[in-house]
Amino acid sequence: MGVRVVVDSSAGLPQEVVEELDICVVDLHRVEGAEGESSSGLSSLELAACYARQLERGGDDGVIALHLAKTFSSTWSAAVAASAVFPGTVRVVETHSAGMAIGAAAMAAATVAAEGGTLDECEAMAKSTIARSETWLYLHQLDDLRKSGRLPAGTAMLSAALLANKPILHIREGKLELAGKTRTQSKAFAKLTELVEERACGEPVFAAVQHADVPDAAEQLADLLRETLPEGSRVMVEPLVKVIAMHTGEGAIGLSVVFSSRNCG
């Protein structure tokens with residue numbers, strides 16, 4: 001018995017973590033269409049059934065649900081609708097993010113649950129982790145994001161104006177913003193490391209590097225972070241799940257970081 005944590009597959013949690021912390025992962029849908037493969041969100045019926053099963057497993061202690069930002073997927077609104085079936089016992093946390101920022105929040109909430117934490121305590125930990133998280137994307141091109149409709153027209157135009165063939169994007173409040181322009185991978189990794197180090201304020205962080213079929217490059221960024229970040233920091237490397245990689249394009253690298261505090265000082 002205990003509070004259950006549900007996350008969708010966009011978070012990219014490694015299987016060993018899912019098993020260790022007993023987190024429920026619901027797979028987003030991959031759809032084959034005339035223009036190739038795309039993704040689609042989960043329905044309220046699917047999520048209501050999932051939440052009901054988890055409530056039964058947890059003895060009705062409650063469910064914390066963490067899903068892809070509502071600006072990126074219809075899953076969040078479906079989750080809110082599904083949670084209405086279980087008033088007070090299913091808490092849907094707005095993540096404003098994607099990737100391992102969500103995964104880290106699920107890990108933190110599940111850890112509190114495993115220690116016997118209440119539903120309120122698990123929800124507070126999930127929200128705190130999200131609030132202390134930042135996510136960046138390093139892309140080789142913007143075509144896939146633009147086609148998916150997840151890149152604001154202004155961001156695409158700005159990056160083109162700056163001749164940023166390999167831009168760094170930042171997810172802020174569920175929206176993609178241009179964070180920097182780079183010409184080479186080494187400069188991009190140096191910029192990302194600088195952004196994280198500055199934001200860390202000398203305190204240890206949890207960082208997750210996720211990649212679309214470029215494990216060597218991901219390890220290079222991870223090694224740079226390990227060399228630079230404060231002692232006690234943890235850096236992990238995982239592949240981007242297919243439902244995310246199909247939108248970011250080949251060679252993309254995502255970096256999600258959970259900082260020790262919300263702000264410096």
# chains A, B, ... in the order shown; residues from 1 in each chain; ligands from 1
>>> residues_around(residues="Leu66 (chain A)", least_positions_apart="6", cutoff="12 Å", atoms="only C-alpha atoms", output="JSON list (two decimals) with N, CA and C atoms, in the first residue's frame")
[["chain", "number", "residue", "atom", "x", "y", "z"],
["A", 4, "ARG", "N", 0.92, 6.00, -5.29],
["A", 4, "ARG", "CA", 1.45, 5.50, -6.55],
["A", 4, "ARG", "C", 1.83, 6.69, -7.45],
["A", 5, "VAL", "N", 2.85, 6.49, -8.26],
["A", 5, "VAL", "CA", 3.31, 7.53, -9.19],
["A", 5, "VAL", "C", 3.15, 7.03, -10.62],
["A", 6, "VAL", "N", 2.47, 7.84, -11.44],
["A", 6, "VAL", "CA", 2.24, 7.51, -12.85],
["A", 6, "VAL", "C", 2.93, 8.56, -13.72],
["A", 7, "VAL", "N", 3.63, 8.10, -14.75],
["A", 7, "VAL", "CA", 4.31, 9.00, -15.67],
["A", 7, "VAL", "C", 4.12, 8.45, -17.08],
["A", 8, "ASP", "N", 4.08, 9.32, -18.08],
["A", 8, "ASP", "CA", 3.99, 8.79, -19.45],
["A", 8, "ASP", "C", 5.40, 8.56, -19.99],
["A", 9, "SER", "N", 5.47, 7.83, -21.09],
["A", 9, "SER", "CA", 6.76, 7.36, -21.60],
["A", 9, "SER", "C", 7.66, 8.47, -22.12],
["A", 10, "SER", "N", 7.14, 9.68, -22.31],
["A", 10, "SER", "CA", 7.97, 10.78, -22.82],
["A", 10, "SER", "C", 9.11, 11.12, -21.88],
["A", 11, "ALA", "N", 8.97, 10.78, -20.60],
["A", 11, "ALA", "CA", 10.02, 11.08, -19.62],
["A", 11, "ALA", "C", 11.30, 10.31, -19.89],
["A", 23, "ILE", "N", 7.46, 2.62, -10.35],
["A", 23, "ILE", "CA", 6.72, 3.70, -11.03],
["A", 23, "ILE", "C", 5.93, 3.10, -12.19],
["A", 24, "CYS", "N", 4.71, 3.57, -12.38],
["A", 24, "CYS", "CA", 3.88, 3.12, -13.50],
["A", 24, "CYS", "C", 4.12, 4.02, -14.71],
["A", 25, "VAL", "N", 4.55, 3.43, -15.82],
["A", 25, "VAL", "CA", 4.80, 4.17, -17.06],
["A", 25, "VAL", "C", 3.74, 3.81, -18.09],
["A", 26, "VAL", "N", 3.06, 4.82, -18.62],
["A", 26, "VAL", "CA", 2.04, 4.62, -19.64],
["A", 26, "VAL", "C", 2.60, 5.08, -20.98],
["A", 47, "LEU", "N", -6.33, 6.81, -19.34],
["A", 47, "LEU", "CA", -5.72, 7.27, -18.10],
["A", 47, "LEU", "C", -6.60, 6.98, -16.89],
["A", 51, "TYR", "N", -5.28, 5.01, -13.70],
["A", 51, "TYR", "CA", -5.35, 5.56, -12.35],
["A", 51, "TYR", "C", -6.14, 4.63, -11.42],
["A", 75, "THR", "N", -2.23, 14.94, -23.74],
["A", 75, "THR", "CA", -2.29, 14.00, -22.61],
["A", 75, "THR", "C", -2.62, 14.71, -21.31],
["A", 76, "TRP", "N", -2.06, 15.90, -21.10],
["A", 76, "TRP", "CA", -2.31, 16.60, -19.84],
["A", 76, "TRP", "C", -3.79, 16.89, -19.63],
["A", 77, "SER", "N", -4.46, 17.42, -20.65],
["A", 77, "SER", "CA", -5.89, 17.73, -20.50],
["A", 77, "SER", "C", -6.70, 16.45, -20.31],
["A", 79, "ALA", "N", -5.55, 13.83, -18.80],
["A", 79, "ALA", "CA", -5.27, 13.43, -17.42],
["A", 79, "ALA", "C", -6.13, 14.20, -16.43],
["A", 80, "VAL", "N", -6.31, 15.48, -16.67],
["A", 80, "VAL", "CA", -7.15, 16.30, -15.80],
["A", 80, "VAL", "C", -8.59, 15.79, -15.83],
["A", 83, "SER", "N", -8.74, 12.53, -13.94],
["A", 83, "SER", "CA", -8.60, 12.68, -12.48],
["A", 83, "SER", "C", -9.90, 13.11, -11.81],
["A", 90, "VAL", "N", -6.41, 11.60, -7.06],
["A", 90, "VAL", "CA", -5.47, 11.62, -8.19],
["A", 90, "VAL", "C", -5.06, 13.07, -8.42],
["A", 91, "ARG", "N", -3.78, 13.35, -8.24],
["A", 91, "ARG", "CA", -3.25, 14.71, -8.38],
["A", 91, "ARG", "C", -2.43, 14.78, -9.68],
["A", 92, "VAL", "N", -2.88, 15.60, -10.62],
["A", 92, "VAL", "CA", -2.16, 15.78, -11.88],
["A", 92, "VAL", "C", -1.29, 17.03, -11.75],
["A", 93, "VAL", "N", 0.01, 16.83, -11.80],
["A", 93, "VAL", "CA", 0.96, 17.93, -11.64],
["A", 93, "VAL", "C", 1.30, 18.51, -13.01],
["A", 94, "GLU", "N", 1.15, 19.81, -13.17],
["A", 94, "GLU", "CA", 1.53, 20.46, -14.43],
["A", 94, "GLU", "C", 3.05, 20.58, -14.45],
["A", 95, "THR", "N", 3.67, 19.92, -15.42],
["A", 95, "THR", "CA", 5.13, 19.86, -15.46],
["A", 95, "THR", "C", 5.78, 20.99, -16.23],
["A", 96, "HIS", "N", 5.07, 21.57, -17.20],
["A", 96, "HIS", "CA", 5.63, 22.63, -18.05],
["A", 96, "HIS", "C", 6.88, 22.17, -18.78],
["A", 97, "SER", "N", 7.09, 20.87, -18.92],
["A", 97, "SER", "CA", 8.37, 20.41, -19.43],
["A", 97, "SER", "C", 8.24, 19.10, -20.21],
["A", 98, "ALA", "N", 9.40, 18.49, -20.45],
["A", 98, "ALA", "CA", 9.46, 17.23, -21.18],
["A", 98, "ALA", "C", 10.72, 16.49, -20.76],
["A", 99, "GLY", "N", 10.80, 15.21, -21.13],
["A", 99, "GLY", "CA", 12.01, 14.45, -20.86],
["A", 99, "GLY", "C", 12.25, 14.17, -19.39],
["A", 100, "MET", "N", 13.54, 14.09, -19.03],
["A", 100, "MET", "CA", 13.90, 13.64, -17.70],
["A", 100, "MET", "C", 13.65, 14.67, -16.61],
["A", 101, "ALA", "N", 13.25, 15.89, -16.94],
["A", 101, "ALA", "CA", 12.77, 16.79, -15.89],
["A", 101, "ALA", "C", 11.52, 16.18, -15.26],
["A", 102, "ILE", "N", 10.68, 15.60, -16.10],
["A", 102, "ILE", "CA", 9.48, 14.90, -15.62],
["A", 102, "ILE", "C", 9.89, 13.60, -14.94],
["A", 103, "GLY", "N", 10.84, 12.88, -15.56],
["A", 103, "GLY", "CA", 11.31, 11.64, -14.96],
["A", 103, "GLY", "C", 11.90, 11.85, -13.58],
["A", 104, "ALA", "N", 12.67, 12.92, -13.40],
["A", 104, "ALA", "CA", 13.27, 13.21, -12.10],
["A", 104, "ALA", "C", 12.21, 13.51, -11.06],
["A", 105, "ALA", "N", 11.16, 14.23, -11.46],
["A", 105, "ALA", "CA", 10.06, 14.52, -10.53],
["A", 105, "ALA", "C", 9.35, 13.24, -10.12],
["A", 106, "ALA", "N", 9.19, 12.32, -11.08],
["A", 106, "ALA", "CA", 8.56, 11.03, -10.77],
["A", 106, "ALA", "C", 9.44, 10.23, -9.82],
["A", 107, "MET", "N", 10.75, 10.24, -10.04],
["A", 107, "MET", "CA", 11.68, 9.53, -9.17],
["A", 107, "MET", "C", 11.63, 10.10, -7.75],
["A", 108, "ALA", "N", 11.61, 11.42, -7.65],
["A", 108, "ALA", "CA", 11.60, 12.05, -6.33],
["A", 108, "ALA", "C", 10.30, 11.75, -5.58],
["A", 109, "ALA", "N", 9.17, 11.85, -6.29],
["A", 109, "ALA", "CA", 7.88, 11.57, -5.65],
["A", 109, "ALA", "C", 7.77, 10.11, -5.24],
["A", 110, "ALA", "N", 8.26, 9.21, -6.09],
["A", 110, "ALA", "CA", 8.21, 7.78, -5.79],
["A", 110, "ALA", "C", 9.10, 7.43, -4.60],
["A", 122, "CYS", "N", 4.08, 13.72, -1.32],
["A", 122, "CYS", "CA", 4.55, 13.28, -2.64],
["A", 122, "CYS", "C", 4.29, 14.33, -3.70],
["A", 123, "GLU", "N", 3.12, 14.96, -3.65],
["A", 123, "GLU", "CA", 2.79, 16.03, -4.60],
["A", 123, "GLU", "C", 3.74, 17.21, -4.41],
["A", 126, "ALA", "N", 7.11, 16.41, -5.96],
["A", 126, "ALA", "CA", 7.05, 16.46, -7.42],
["A", 126, "ALA", "C", 7.07, 17.91, -7.90],
["A", 127, "LYS", "N", 6.28, 18.77, -7.28],
["A", 127, "LYS", "CA", 6.21, 20.18, -7.68],
["A", 127, "LYS", "C", 7.53, 20.89, -7.42],
["A", 129, "THR", "N", 10.52, 19.54, -7.37],
["A", 129, "THR", "CA", 11.51, 19.06, -8.33],
["A", 129, "THR", "C", 11.32, 19.75, -9.68],
["A", 130, "ILE", "N", 10.07, 19.85, -10.12],
["A", 130, "ILE", "CA", 9.78, 20.55, -11.38],
["A", 130, "ILE", "C", 10.22, 22.01, -11.30]]
>>> residues_around(residues="region 187-197 of chain A", least_positions_apart="2", cutoff="12 Å", atoms="only C-alpha atoms", output="ChimeraX atom specification")
/A:133-140,164-170,179-185,199-209,217-231,233,252-260,264
>>> atom_distance(atom1="CA of Glu238 (chain A)", atom2="CA of Gly12 (chain A)")
7.6 Å
>>> closest_residue(among="A:Val3, A:Pro14, A:His211, A:Ser74", to="Glu56 (chain A)", atoms="only C-alpha atoms")
A:Val3
>>> select_by_dssp(residues="region 35-262 of chain A", states="strand (DSSP E)", output="PyMOL selection string")
chain A and resi 36-40+63-66+90-93+133-138+168-172+175-180+206-211+234-239+253-258
>>> atom_distance(atom1="CA of Gly251 (chain A)", atom2="CA of Leu176 (chain A)")
18.0 Å
>>> select_by_dssp(residues="region 76-109 of chain A", states="alpha helix (DSSP H)", output="list in words")
Trp76, Ser77, Ala78, Ala79, Val80, Ala81, Ala82, Ser83, Met100, Ala101, Ile102, Gly103, Ala104, Ala105, Ala106, Met107, Ala108 and Ala109 of chain A
>>> atom_distance(atom1="CA of Asp216 (chain A)", atom2="CA of Pro239 (chain A)")
11.3 Å
